[in-house]
file entry00.cif (mmCIF, C-alpha atoms, pLDDT in the B column; chains and numbers go by the auth columns)
data_run
loop_
_atom_site.group_PDB
_atom_site.id
_atom_site.type_symbol
_atom_site.label_atom_id
_atom_site.label_comp_id
_atom_site.label_asym_id
_atom_site.label_seq_id
_atom_site.Cartn_x
_atom_site.Cartn_y
_atom_site.Cartn_z
_atom_site.B_iso_or_equiv
_atom_site.auth_seq_id
_atom_site.auth_asym_id
ATOM 1 C CA MET A 1 -14.483 -31.341 -18.795 49.00 1 D
ATOM 2 C CA LYS A 2 -15.434 -28.057 -17.233 50.00 2 D
ATOM 3 C CA PRO A 3 -12.918 -25.355 -18.099 49.00 3 D
ATOM 4 C CA ILE A 4 -11.077 -23.923 -15.115 51.00 4 D
ATOM 5 C CA CYS A 5 -10.995 -20.466 -16.605 58.00 5 D
ATOM 6 C CA ASN A 6 -13.440 -18.534 -18.723 63.00 6 D
ATOM 7 C CA GLU A 7 -13.541 -14.908 -19.787 64.00 7 D
ATOM 8 C CA ALA A 8 -14.169 -13.883 -16.168 75.00 8 D
ATOM 9 C CA CYS A 9 -10.910 -15.522 -15.120 91.00 9 D
ATOM 10 C CA LEU A 10 -7.497 -13.941 -15.230 96.00 10 D
ATOM 11 C CA GLU A 11 -4.146 -15.521 -14.475 96.00 11 D
ATOM 12 C CA LEU A 12 -0.677 -14.055 -14.308 97.00 12 D
ATOM 13 C CA SER A 13 2.681 -15.438 -13.209 97.00 13 D
ATOM 14 C CA PHE A 14 5.737 -13.316 -12.630 97.00 14 D
ATOM 15 C CA PRO A 15 9.047 -13.514 -10.743 97.00 15 D
ATOM 16 C CA ALA A 16 8.612 -12.635 -7.060 96.00 16 D
ATOM 17 C CA ARG A 17 10.963 -9.648 -7.176 95.00 17 D
ATOM 18 C CA VAL A 18 10.325 -6.137 -5.968 93.00 18 D
ATOM 19 C CA SER A 19 10.847 -4.771 -9.493 93.00 19 D
ATOM 20 C CA GLU A 20 8.195 -7.106 -10.941 95.00 20 D
ATOM 21 C CA ALA A 21 5.520 -6.556 -8.296 95.00 21 D
ATOM 22 C CA SER A 22 4.225 -3.179 -9.421 95.00 22 D
ATOM 23 C CA PRO A 23 3.991 -3.988 -13.169 96.00 23 D
ATOM 24 C CA GLY A 24 2.344 -7.316 -12.278 97.00 24 D
ATOM 25 C CA VAL A 25 -0.295 -5.669 -10.103 97.00 25 D
ATOM 26 C CA ALA A 26 -0.893 -2.988 -12.742 97.00 26 D
ATOM 27 C CA GLN A 27 -1.438 -5.647 -15.406 97.00 27 D
ATOM 28 C CA LEU A 28 -3.856 -7.586 -13.190 98.00 28 D
ATOM 29 C CA CYS A 29 -5.835 -4.474 -12.237 97.00 29 D
ATOM 30 C CA ALA A 30 -6.118 -3.412 -15.887 97.00 30 D
ATOM 31 C CA GLY A 31 -7.328 -6.902 -16.796 97.00 31 D
ATOM 32 C CA LEU A 32 -9.889 -6.891 -13.984 97.00 32 D
ATOM 33 C CA ALA A 33 -11.215 -3.477 -14.978 96.00 33 D
ATOM 34 C CA HIS A 34 -11.544 -4.724 -18.547 95.00 34 D
ATOM 35 C CA ARG A 35 -13.515 -7.740 -17.302 94.00 35 D
ATOM 36 C CA GLY A 36 -15.956 -5.597 -15.368 94.00 36 D
ATOM 37 C CA LEU A 37 -14.574 -5.131 -11.843 96.00 37 D
ATOM 38 C CA PRO A 38 -16.775 -2.361 -10.361 95.00 38 D
ATOM 39 C CA ALA A 39 -14.878 0.936 -10.377 95.00 39 D
ATOM 40 C CA HIS A 40 -15.634 1.587 -6.703 94.00 40 D
ATOM 41 C CA LYS A 41 -13.724 -1.603 -5.808 96.00 41 D
ATOM 42 C CA ALA A 42 -10.672 -0.932 -7.994 97.00 42 D
ATOM 43 C CA ASP A 43 -8.648 0.926 -5.342 97.00 43 D
ATOM 44 C CA ASP A 44 -9.420 -1.643 -2.618 98.00 44 D
ATOM 45 C CA VAL A 45 -8.309 -4.510 -4.850 98.00 45 D
ATOM 46 C CA LYS A 46 -5.137 -2.699 -5.922 98.00 46 D
ATOM 47 C CA ILE A 47 -4.124 -1.857 -2.345 98.00 47 D
ATOM 48 C CA ALA A 48 -4.806 -5.361 -0.954 98.00 48 D
ATOM 49 C CA LEU A 49 -3.240 -7.163 -3.920 98.00 49 D
ATOM 50 C CA THR A 50 -0.130 -4.969 -3.701 98.00 50 D
ATOM 51 C CA GLU A 51 0.278 -5.752 0.012 98.00 51 D
ATOM 52 C CA ALA A 52 -0.219 -9.500 -0.536 98.00 52 D
ATOM 53 C CA ILE A 53 2.345 -9.588 -3.361 97.00 53 D
ATOM 54 C CA ASN A 54 4.777 -7.473 -1.319 96.00 54 D
ATOM 55 C CA ASN A 55 4.493 -10.039 1.482 96.00 55 D
ATOM 56 C CA VAL A 56 5.432 -12.849 -0.910 97.00 56 D
ATOM 57 C CA VAL A 57 8.387 -10.865 -2.277 96.00 57 D
ATOM 58 C CA GLU A 58 9.668 -9.660 1.106 94.00 58 D
ATOM 59 C CA HIS A 59 8.835 -12.561 3.421 94.00 59 D
ATOM 60 C CA ALA A 60 7.977 -15.819 1.628 95.00 60 D
ATOM 61 C CA TYR A 61 11.195 -15.691 -0.396 95.00 61 D
ATOM 62 C CA ALA A 62 13.307 -14.027 2.286 93.00 62 D
ATOM 63 C CA GLY A 63 16.698 -15.734 2.416 92.00 63 D
ATOM 64 C CA ILE A 64 15.909 -18.131 -0.426 93.00 64 D
ATOM 65 C CA ALA A 65 16.053 -17.782 -4.193 93.00 65 D
ATOM 66 C CA PRO A 66 12.866 -16.099 -5.356 90.00 66 D
ATOM 67 C CA ALA A 67 10.715 -18.183 -7.660 95.00 67 D
ATOM 68 C CA LYS A 68 7.441 -17.109 -9.169 96.00 68 D
ATOM 69 C CA VAL A 69 4.232 -15.816 -7.712 97.00 69 D
ATOM 70 C CA ARG A 70 1.087 -16.868 -9.504 98.00 70 D
ATOM 71 C CA VAL A 71 -2.114 -14.859 -9.266 98.00 71 D
ATOM 72 C CA THR A 72 -5.454 -16.239 -10.399 98.00 72 D
ATOM 73 C CA CYS A 73 -8.502 -13.981 -10.341 97.00 73 D
ATOM 74 C CA ARG A 74 -12.076 -15.158 -10.659 96.00 74 D
ATOM 75 C CA LEU A 75 -14.642 -12.457 -11.180 95.00 75 D
ATOM 76 C CA ASP A 76 -18.308 -13.195 -10.566 93.00 76 D
ATOM 77 C CA GLN A 77 -21.299 -10.921 -10.582 90.00 77 D
ATOM 78 C CA ASP A 78 -21.088 -9.922 -6.925 93.00 78 D
ATOM 79 C CA ARG A 79 -17.614 -10.972 -5.869 95.00 79 D
ATOM 80 C CA LEU A 80 -13.965 -11.291 -6.836 97.00 80 D
ATOM 81 C CA ASP A 81 -11.724 -14.091 -5.599 97.00 81 D
ATOM 82 C CA ILE A 82 -7.975 -13.719 -5.966 98.00 82 D
ATOM 83 C CA LEU A 83 -5.732 -16.727 -5.349 98.00 83 D
ATOM 84 C CA ILE A 84 -2.057 -15.963 -4.816 98.00 84 D
ATOM 85 C CA SER A 85 0.338 -18.920 -4.864 98.00 85 D
ATOM 86 C CA ASP A 86 4.046 -19.164 -4.271 98.00 86 D
ATOM 87 C CA THR A 87 6.592 -21.801 -3.332 97.00 87 D
ATOM 88 C CA GLY A 88 8.339 -19.761 -0.647 97.00 88 D
ATOM 89 C CA ASN A 89 8.409 -20.088 3.124 96.00 89 D
ATOM 90 C CA PRO A 90 5.051 -20.656 4.843 97.00 90 D
ATOM 91 C CA LEU A 91 3.298 -17.958 6.811 96.00 91 D
ATOM 92 C CA PRO A 92 4.294 -18.093 10.506 94.00 92 D
ATOM 93 C CA GLY A 93 2.008 -20.540 12.288 95.00 93 D
ATOM 94 C CA HIS A 94 0.584 -21.510 8.908 95.00 94 D
ATOM 95 C CA ARG A 95 -2.084 -18.883 9.173 95.00 95 D
ATOM 96 C CA PRO A 96 -2.551 -15.276 8.047 95.00 96 D
ATOM 97 C CA PRO A 97 -1.454 -12.754 10.685 94.00 97 D
ATOM 98 C CA ASP A 98 -4.247 -10.851 12.460 90.00 98 D
ATOM 99 C CA GLY A 99 -2.687 -7.677 11.176 87.00 99 D
ATOM 100 C CA VAL A 100 -3.104 -5.525 14.239 87.00 100 D
ATOM 101 C CA PRO A 101 -0.603 -2.693 13.823 81.00 101 D
ATOM 102 C CA ALA A 102 1.219 -0.979 16.645 81.00 102 D
ATOM 103 C CA SER A 103 -0.788 1.824 18.197 89.00 103 D
ATOM 104 C CA ILE A 104 -0.473 5.252 16.663 91.00 104 D
ATOM 105 C CA ASP A 105 -1.601 6.895 19.913 91.00 105 D
ATOM 106 C CA THR A 106 1.975 7.373 20.976 93.00 106 D
ATOM 107 C CA THR A 107 4.887 9.782 20.783 93.00 107 D
ATOM 108 C CA LEU A 108 6.313 10.870 17.458 93.00 108 D
ATOM 109 C CA GLN A 109 9.433 8.729 17.740 93.00 109 D
ATOM 110 C CA ASN A 110 7.406 5.630 18.654 94.00 110 D
ATOM 111 C CA LEU A 111 5.065 5.811 15.682 94.00 111 D
ATOM 112 C CA PRO A 112 5.035 2.536 13.737 93.00 112 D
ATOM 113 C CA GLU A 113 6.716 2.577 10.310 94.00 113 D
ATOM 114 C CA GLY A 114 5.535 -0.870 9.302 92.00 114 D
ATOM 115 C CA GLY A 115 3.134 -3.667 10.064 90.00 115 D
ATOM 116 C CA PHE A 116 0.298 -2.111 8.094 95.00 116 D
ATOM 117 C CA GLY A 117 0.222 -4.592 5.226 96.00 117 D
ATOM 118 C CA TRP A 118 -1.941 -7.327 6.757 96.00 118 D
ATOM 119 C CA TYR A 119 -4.040 -4.734 8.530 96.00 119 D
ATOM 120 C CA LEU A 120 -4.931 -3.188 5.164 97.00 120 D
ATOM 121 C CA ILE A 121 -5.620 -6.598 3.637 98.00 121 D
ATOM 122 C CA HIS A 122 -8.007 -7.461 6.480 97.00 122 D
ATOM 123 C CA GLN A 123 -9.815 -4.152 6.198 96.00 123 D
ATOM 124 C CA LEU A 124 -10.264 -4.279 2.450 97.00 124 D
ATOM 125 C CA THR A 125 -11.307 -7.911 1.976 97.00 125 D
ATOM 126 C CA SER A 126 -14.455 -9.717 3.073 96.00 126 D
ATOM 127 C CA ASP A 127 -12.722 -13.078 3.510 97.00 127 D
ATOM 128 C CA ILE A 128 -9.154 -14.395 3.755 98.00 128 D
ATOM 129 C CA TRP A 129 -8.240 -18.042 3.367 97.00 129 D
ATOM 130 C CA TYR A 130 -4.794 -19.632 3.529 98.00 130 D
ATOM 131 C CA GLU A 131 -3.492 -23.109 2.925 97.00 131 D
ATOM 132 C CA ARG A 132 0.005 -24.537 3.023 97.00 132 D
ATOM 133 C CA SER A 133 0.390 -27.805 1.172 96.00 133 D
ATOM 134 C CA ASP A 134 2.958 -29.553 -1.011 96.00 134 D
ATOM 135 C CA GLY A 135 5.484 -26.780 -0.361 95.00 135 D
ATOM 136 C CA CYS A 136 3.105 -24.199 -1.748 97.00 136 D
ATOM 137 C CA ASN A 137 1.396 -21.207 -0.142 98.00 137 D
ATOM 138 C CA ARG A 138 -2.129 -20.497 -1.338 98.00 138 D
ATOM 139 C CA LEU A 139 -3.674 -17.289 -0.125 98.00 139 D
ATOM 140 C CA SER A 140 -7.149 -16.416 -1.261 98.00 140 D
ATOM 141 C CA LEU A 141 -8.647 -12.937 -0.913 98.00 141 D
ATOM 142 C CA ARG A 142 -12.348 -12.348 -1.436 98.00 142 D
ATOM 143 C CA PHE A 143 -13.952 -9.020 -2.274 98.00 143 D
ATOM 144 C CA ASP A 144 -17.751 -8.777 -2.059 96.00 144 D
ATOM 145 C CA PHE A 145 -19.241 -6.013 -4.154 92.00 145 D
ATOM 146 C CA ALA A 146 -22.609 -5.861 -2.393 78.00 146 D
ATOM 147 C CA ARG A 147 -21.074 -4.465 0.761 51.00 147 D
ATOM 148 C CA HIS A 148 -20.154 -0.853 0.142 51.00 148 D
ATOM 149 C CA ARG A 149 -17.480 0.544 2.368 47.00 149 D
ATOM 150 C CA MET B 1 13.703 9.221 -6.803 71.00 1 W
ATOM 151 C CA GLY B 2 12.966 12.805 -7.723 91.00 2 W
ATOM 152 C CA LEU B 3 12.340 15.338 -4.991 96.00 3 W
ATOM 153 C CA THR B 4 12.548 19.088 -5.435 96.00 4 W
ATOM 154 C CA SER B 5 11.858 21.809 -2.927 95.00 5 W
ATOM 155 C CA THR B 6 11.154 25.498 -2.576 95.00 6 W
ATOM 156 C CA THR B 7 11.020 27.522 0.599 93.00 7 W
ATOM 157 C CA ILE B 8 8.221 30.008 1.179 90.00 8 W
ATOM 158 C CA GLY B 9 8.779 31.916 4.415 86.00 9 W
ATOM 159 C CA ALA B 10 9.017 29.366 7.203 88.00 10 W
ATOM 160 C CA THR B 11 7.573 26.613 5.018 94.00 11 W
ATOM 161 C CA GLN B 12 9.525 24.269 2.787 96.00 12 W
ATOM 162 C CA VAL B 13 7.502 22.629 0.026 97.00 13 W
ATOM 163 C CA VAL B 14 8.927 19.274 -1.091 97.00 14 W
ATOM 164 C CA THR B 15 7.442 17.957 -4.326 98.00 15 W
ATOM 165 C CA VAL B 16 7.565 14.257 -5.185 98.00 16 W
ATOM 166 C CA HIS B 17 8.283 13.597 -8.849 97.00 17 W
ATOM 167 C CA ALA B 18 7.188 9.974 -8.982 96.00 18 W
ATOM 168 C CA ASP B 19 3.811 8.439 -9.671 96.00 19 W
ATOM 169 C CA ARG B 20 4.118 6.046 -6.726 96.00 20 W
ATOM 170 C CA ILE B 21 5.877 5.574 -3.405 97.00 21 W
ATOM 171 C CA ASP B 22 6.127 1.839 -2.825 96.00 22 W
ATOM 172 C CA ALA B 23 8.323 -0.960 -1.514 93.00 23 W
ATOM 173 C CA SER B 24 10.770 -0.599 -4.401 93.00 24 W
ATOM 174 C CA MET B 25 11.677 2.975 -3.457 93.00 25 W
ATOM 175 C CA ALA B 26 10.714 3.436 0.199 95.00 26 W
ATOM 176 C CA ILE B 27 14.277 3.489 1.557 95.00 27 W
ATOM 177 C CA GLN B 28 15.441 5.812 -1.213 96.00 28 W
ATOM 178 C CA PHE B 29 12.516 8.138 -0.476 97.00 29 W
ATOM 179 C CA LYS B 30 13.386 8.254 3.222 97.00 30 W
ATOM 180 C CA ASP B 31 17.053 8.999 2.469 96.00 31 W
ATOM 181 C CA ASP B 32 16.184 11.650 -0.128 97.00 32 W
ATOM 182 C CA MET B 33 13.769 13.286 2.296 96.00 33 W
ATOM 183 C CA ARG B 34 16.518 13.427 4.915 95.00 34 W
ATOM 184 C CA SER B 35 18.908 15.268 2.614 95.00 35 W
ATOM 185 C CA GLU B 36 16.169 17.449 1.110 94.00 36 W
ATOM 186 C CA THR B 37 14.942 18.673 4.490 94.00 37 W
ATOM 187 C CA GLU B 38 18.328 19.429 6.050 91.00 38 W
ATOM 188 C CA GLY B 39 17.935 22.956 7.322 83.00 39 W
ATOM 189 C CA SER B 40 15.924 24.848 9.820 73.00 40 W
ATOM 190 C CA VAL B 41 12.475 25.688 8.495 85.00 41 W
ATOM 191 C CA ASP B 42 9.560 25.197 10.901 90.00 42 W
ATOM 192 C CA ARG B 43 7.274 23.340 8.580 95.00 43 W
ATOM 193 C CA VAL B 44 7.627 20.984 5.626 96.00 44 W
ATOM 194 C CA VAL B 45 4.728 20.412 3.235 97.00 45 W
ATOM 195 C CA LEU B 46 5.043 17.277 1.125 98.00 46 W
ATOM 196 C CA ASP B 47 3.312 17.801 -2.212 98.00 47 W
ATOM 197 C CA LEU B 48 1.906 14.403 -3.229 98.00 48 W
ATOM 198 C CA SER B 49 -0.224 15.622 -6.121 98.00 49 W
ATOM 199 C CA GLY B 50 1.855 13.616 -8.610 97.00 50 W
ATOM 200 C CA VAL B 51 1.677 10.416 -6.543 98.00 51 W
ATOM 201 C CA GLU B 52 -1.067 8.108 -7.795 97.00 52 W
ATOM 202 C CA PHE B 53 -0.397 5.147 -5.533 98.00 53 W
ATOM 203 C CA ILE B 54 1.196 4.343 -2.213 98.00 54 W
ATOM 204 C CA ASP B 55 1.612 1.048 -0.368 97.00 55 W
ATOM 205 C CA SER B 56 2.321 0.340 3.300 97.00 56 W
ATOM 206 C CA SER B 57 6.081 0.612 2.699 96.00 57 W
ATOM 207 C CA GLY B 58 5.597 4.060 1.188 97.00 58 W
ATOM 208 C CA LEU B 59 3.403 5.027 4.106 98.00 59 W
ATOM 209 C CA GLY B 60 6.120 3.842 6.489 97.00 60 W
ATOM 210 C CA ALA B 61 8.695 5.922 4.612 97.00 61 W
ATOM 211 C CA ILE B 62 6.570 9.055 5.024 98.00 62 W
ATOM 212 C CA VAL B 63 6.166 8.336 8.761 97.00 63 W
ATOM 213 C CA ALA B 64 9.951 7.854 8.986 97.00 64 W
ATOM 214 C CA SER B 65 10.439 11.167 7.177 97.00 65 W
ATOM 215 C CA MET B 66 8.331 12.921 9.796 96.00 66 W
ATOM 216 C CA LYS B 67 10.351 11.357 12.605 96.00 67 W
ATOM 217 C CA GLN B 68 13.571 12.538 10.931 95.00 68 W
ATOM 218 C CA LEU B 69 12.329 16.115 11.187 95.00 69 W
ATOM 219 C CA GLY B 70 12.264 15.812 14.961 93.00 70 W
ATOM 220 C CA GLU B 71 9.874 17.323 17.483 91.00 71 W
ATOM 221 C CA ASP B 72 10.292 20.940 16.414 90.00 72 W
ATOM 222 C CA ARG B 73 9.361 20.663 12.757 92.00 73 W
ATOM 223 C CA LYS B 74 6.029 19.623 11.293 92.00 74 W
ATOM 224 C CA LEU B 75 5.370 17.536 8.202 96.00 75 W
ATOM 225 C CA ASP B 76 2.047 18.214 6.476 97.00 76 W
ATOM 226 C CA LEU B 77 0.789 16.457 3.359 98.00 77 W
ATOM 227 C CA ALA B 78 -0.938 18.032 0.371 98.00 78 W
ATOM 228 C CA GLY B 79 -2.608 16.983 -2.867 98.00 79 W
ATOM 229 C CA LEU B 80 -3.444 13.395 -1.958 98.00 80 W
ATOM 230 C CA HIS B 81 -5.117 11.292 -4.636 98.00 81 W
ATOM 231 C CA PRO B 82 -8.167 9.364 -3.350 97.00 82 W
ATOM 232 C CA VAL B 83 -6.352 6.019 -3.216 97.00 83 W
ATOM 233 C CA VAL B 84 -3.424 7.576 -1.345 98.00 84 W
ATOM 234 C CA GLU B 85 -5.781 9.257 1.109 98.00 85 W
ATOM 235 C CA LYS B 86 -7.534 5.927 1.628 98.00 86 W
ATOM 236 C CA VAL B 87 -4.310 4.268 2.797 98.00 87 W
ATOM 237 C CA PHE B 88 -3.790 7.094 5.312 97.00 88 W
ATOM 238 C CA ARG B 89 -7.401 6.896 6.482 97.00 89 W
ATOM 239 C CA LEU B 90 -7.535 3.096 6.862 96.00 90 W
ATOM 240 C CA THR B 91 -4.346 3.099 8.948 96.00 91 W
ATOM 241 C CA ARG B 92 -5.565 6.154 10.934 95.00 92 W
ATOM 242 C CA MET B 93 -2.419 8.017 9.847 96.00 93 W
ATOM 243 C CA ASP B 94 -4.810 10.777 8.777 96.00 94 W
ATOM 244 C CA THR B 95 -4.964 11.596 12.497 95.00 95 W
ATOM 245 C CA VAL B 96 -1.178 11.843 12.761 95.00 96 W
ATOM 246 C CA PHE B 97 -0.591 14.069 9.722 97.00 97 W
ATOM 247 C CA ARG B 98 -2.514 17.118 8.626 97.00 98 W
ATOM 248 C CA LEU B 99 -3.844 16.361 5.147 97.00 99 W
ATOM 249 C CA PHE B 100 -4.693 19.135 2.687 98.00 100 W
ATOM 250 C CA ALA B 101 -6.589 18.611 -0.563 97.00 101 W
ATOM 251 C CA THR B 102 -4.286 20.965 -2.451 97.00 102 W
ATOM 252 C CA LEU B 103 -0.934 22.630 -1.997 97.00 103 W
ATOM 253 C CA ASN B 104 -2.698 26.013 -1.969 96.00 104 W
ATOM 254 C CA ASP B 105 -4.865 24.856 0.924 97.00 105 W
ATOM 255 C CA ALA B 106 -1.746 23.794 2.810 97.00 106 W
ATOM 256 C CA LEU B 107 -0.050 27.139 2.198 95.00 107 W
ATOM 257 C CA SER B 108 -3.047 29.209 3.235 94.00 108 W
ATOM 258 C CA VAL B 109 -3.035 28.062 6.863 88.00 109 W
ATOM 259 C CA PRO B 110 -0.756 29.668 9.412 73.00 110 W
ATOM 260 C CA VAL B 111 2.168 27.670 10.787 60.00 111 W
ATOM 261 C CA ASP B 112 1.261 26.546 14.277 58.00 112 W
#
call {"tool": "encode", "arguments": {"input": "entry00.cif", "output": "structure tokens"}}
result
Amino acid sequence: MKPICNEACLELSFPARVSEASPGVAQLCAGLAHRGLPAHKADDVKIALTEAINNVVEHAYAGIAPAKVRVTCRLDQDRLDILISDTGNPLPGHRPPDGVPASIDTTLQNLPEGGFGWYLIHQLTSDIWYERSDGCNRLSLRFDFARHR
Amino acid sequence: MGLTSTTIGATQVVTVHADRIDASMAIQFKDDMRSETEGSVDRVVLDLSGVEFIDSSGLGAIVASMKQLGEDRKLDLAGLHPVVEKVFRLTRMDTVFRLFATLNDALSVPVD
């Protein structure tokens, strides 16, 4: 049987709580760097992964007991795929939000203070895929290394 | 979270003593900024040189801090690490705030 994970694969599960998110992301980013994630992609991955985990913590488990979030990373020569799974509430409409933030071309008091999470994820990834099945959310983020930003 | 400040002329420098501003501390940051900036200086410079990471919640807290200052006081940002600057640039918030590479740079421009 073909192994699901090899040395280029990294998996981490942790409770979907705000206090666990930052150490979890730090551990994943350190593991990815160790496995050869290109340095010029490290910040992009950290920002997008942080926003995706924050969404699980703040929205998927909003109003229900938080369970775990599981992150599986697969690193290939020219791309990284990160699968984030949780058993919380589905994304609205069962699809990832477009992530268009409120305009910043406005008065001081009308400046948006939120809504940037999905926008950042869209800007930093080359592909986003989402599936809701069996009470589980599976969000996959792809980072291509060939395309320099 | 740790904030300290000094006032130089009409400028108050608020220094963040935390290596990140994220979802776990965004509300605290906003509240601490409110109490730290009570007063009547014209300009506040937020020294972010110790901040190595920021997420969208932290960004929102900094925007909220600027709103708290009202129309008559400016909030400028100094000492941004590359990843912090990237979050501002991607969200175009670099056009809303004045960003300075260092605190010295921020202090060497006249208050406008």
call {"tool": "residues_around", "arguments": {"input": "entry00.cif", "residues": "Ala18 of chain W", "least_positions_apart": "2", "cutoff": "9 Å", "atoms": "only C-alpha atoms", "output": "mmCIF file with C-alpha atoms, in the coordinates of the input"}}
result
data_model
loop_
_atom_site.group_PDB
_atom_site.id
_atom_site.type_symbol
_atom_site.label_atom_id
_atom_site.label_comp_id
_atom_site.auth_asym_id
_atom_site.auth_seq_id
_atom_site.Cartn_x
_atom_site.Cartn_y
_atom_site.Cartn_z
ATOM 1 C CA MET W 1 13.703 9.221 -6.803
ATOM 2 C CA GLY W 2 12.966 12.805 -7.723
ATOM 3 C CA LEU W 3 12.340 15.338 -4.991
ATOM 4 C CA VAL W 16 7.565 14.257 -5.185
ATOM 5 C CA ARG W 20 4.118 6.046 -6.726
ATOM 6 C CA ILE W 21 5.877 5.574 -3.405
ATOM 7 C CA LEU W 48 1.906 14.403 -3.229
ATOM 8 C CA GLY W 50 1.855 13.616 -8.610
ATOM 9 C CA VAL W 51 1.677 10.416 -6.543
ATOM 10 C CA GLU W 52 -1.067 8.108 -7.795
#
call {"tool": "interface_residues", "arguments": {"input": "entry00.cif", "of": "chain D", "to": "chain W", "cutoff": "6 Å", "atoms": "all atoms listed in the file", "output": "list in words"}}
result
Val18, Asp43, Gln109, Glu113, Gly114, Phe116 and Gly117 of chain D
call {"tool": "resolve_selection", "arguments": {"input": "entry00.cif", "expression": "the PyMOL selection byres ((chain D and resi 71) around 10)", "output": "list in words"}}
result
Leu10, Glu11, Leu12, Ser13, Phe14, Gly24, Val25, Leu28, Leu49, Ile53, Lys68, Val69, Arg70, Thr72, Cys73, Ile82, Leu83, Ile84, Ser85, Asp86, Arg138, Leu139 and Ser140 of chain D
call {"tool": "atom_distance", "arguments": {"input": "entry00.cif", "atom1": "atom CA of Gly36 of chain D", "atom2": "atom CA of Ser126 of chain D"}}
result
19.0 Å
call {"tool": "resolve_selection", "arguments": {"input": "entry00.cif", "expression": "the PyMOL selection byres ((chain D and resi 77) around 12)", "output": "PDB file with C-alpha atoms, in the frame of the given file"}}
result
ATOM      1  CA  ALA D   8     -14.169 -13.883 -16.168  1.00 75.00           C
ATOM      2  CA  ARG D  35     -13.515  -7.740 -17.302  1.00 94.00           C
ATOM      3  CA  GLY D  36     -15.956  -5.597 -15.368  1.00 94.00           C
ATOM      4  CA  LEU D  37     -14.574  -5.131 -11.843  1.00 96.00           C
ATOM      5  CA  PRO D  38     -16.775  -2.361 -10.361  1.00 95.00           C
ATOM      6  CA  ARG D  74     -12.076 -15.158 -10.659  1.00 96.00           C
ATOM      7  CA  LEU D  75     -14.642 -12.457 -11.180  1.00 95.00           C
ATOM      8  CA  ASP D  76     -18.308 -13.195 -10.566  1.00 93.00           C
ATOM      9  CA  ASP D  78     -21.088  -9.922  -6.925  1.00 93.00           C
ATOM     10  CA  ARG D  79     -17.614 -10.972  -5.869  1.00 95.00           C
ATOM     11  CA  LEU D  80     -13.965 -11.291  -6.836  1.00 97.00           C
ATOM     12  CA  ASP D  81     -11.724 -14.091  -5.599  1.00 97.00           C
ATOM     13  CA  PHE D 143     -13.952  -9.020  -2.274  1.00 98.00           C
ATOM     14  CA  ASP D 144     -17.751  -8.777  -2.059  1.00 96.00           C
ATOM     15  CA  PHE D 145     -19.241  -6.013  -4.154  1.00 92.00           C
ATOM     16  CA  ALA D 146     -22.609  -5.861  -2.393  1.00 78.00           C
TER      17      ALA D 146
END
call {"tool": "atom_distance", "arguments": {"input": "entry00.cif", "atom1": "atom CA of Lys46 of chain D", "atom2": "atom CA of Pro97 of chain D"}}
result
19.8 Å
call {"tool": "closest_residue", "arguments": {"input": "entry00.cif", "among": "D:Leu120, D:Pro112, D:Cys136, D:Ala39", "to": "Pro90 of chain D", "atoms": "all atoms listed in the file"}}
result
D:Cys136
call {"tool": "resolve_selection", "arguments": {"input": "entry00.cif", "expression": "the PyMOL selection byres ((chain W and resi 36) around 10)", "output": "list of chain:residue names"}}
result
W:Leu3, W:Thr4, W:Ser5, W:Gln12, W:Val14, W:Lys30, W:Asp31, W:Asp32, W:Met33, W:Arg34, W:Ser35, W:Thr37, W:Glu38, W:Gly39
call {"tool": "atom_distance", "arguments": {"input": "entry00.cif", "atom1": "atom CA of Arg142 of chain D", "atom2": "atom CA of Ile128 of chain D"}}
result
6.4 Å
call {"tool": "closest_residue", "arguments": {"input": "entry00.cif", "among": "D:Cys9, D:Gly88, D:Ile47, D:Tyr119", "to": "Ser22 of chain D", "atoms": "only C-alpha atoms"}}
result
D:Ile47
call {"tool": "closest_residue", "arguments": {"input": "entry00.cif", "among": "W:Asp42, W:Thr11, W:Leu99, W:Ala26", "to": "Asp76 of chain W", "atoms": "all atoms listed in the file"}}
result
W:Leu99
call {"tool": "axis_aligned_box", "arguments": {"input": "entry00.cif", "around": "segment 47-64 of chain D", "padding_each_side": "8 Å", "output": "AutoDock Vina command-line options"}}
result
--center_x 5.9 --center_y -10.0 --center_z -0.2 --size_x 37.5 --size_y 32.3 --size_z 23.3
call {"tool": "residues_around", "arguments": {"input": "entry00.cif", "residues": "Ala65 of chain D", "least_positions_apart": "3", "cutoff": "12 Å", "atoms": "only C-alpha atoms", "output": "ChimeraX atom specification"}}
result
/D:15-17,57-62,68,87-89
call {"tool": "closest_residue", "arguments": {"input": "entry00.cif", "among": "D:Trp129, D:Ile104, D:Asn110, D:Leu141", "to": "Phe88 of chain W", "atoms": "all atoms listed in the file"}}
result
D:Ile104
call {"tool": "residues_around", "arguments": {"input": "entry00.cif", "residues": "Leu107 of chain W", "least_positions_apart": "6", "cutoff": "12 Å", "atoms": "all atoms listed in the file", "output": "PyMOL selection string"}}
result
chain W and resi 7-13+43-47+76-79+99-101
call {"tool": "build_atoms", "arguments": {"input": "entry00.cif", "residues": "segment 143-147 of chain D", "atoms": "N, CA and C atoms", "output": "short mmCIF file (atom, residue, chain, number, x, y, z; two decimals), keeping the file's coordinate frame"}}
result
data_model
loop_
_atom_site.label_atom_id
_atom_site.label_comp_id
_atom_site.auth_asym_id
_atom_site.auth_seq_id
_atom_site.Cartn_x
_atom_site.Cartn_y
_atom_site.Cartn_z
N PHE D 143 -13.39 -10.37 -2.31
CA PHE D 143 -13.95 -9.02 -2.27
C PHE D 143 -15.42 -9.12 -2.67
N ASP D 144 -16.32 -8.81 -1.74
CA ASP D 144 -17.75 -8.78 -2.06
C ASP D 144 -18.11 -7.38 -2.54
N PHE D 145 -18.89 -7.33 -3.60
CA PHE D 145 -19.24 -6.01 -4.15
C PHE D 145 -20.51 -5.45 -3.53
N ALA D 146 -21.33 -6.33 -2.94
CA ALA D 146 -22.61 -5.86 -2.39
C ALA D 146 -22.38 -4.93 -1.22
N ARG D 147 -21.34 -5.25 -0.44
CA ARG D 147 -21.07 -4.46 0.76
C ARG D 147 -20.27 -3.23 0.41
#
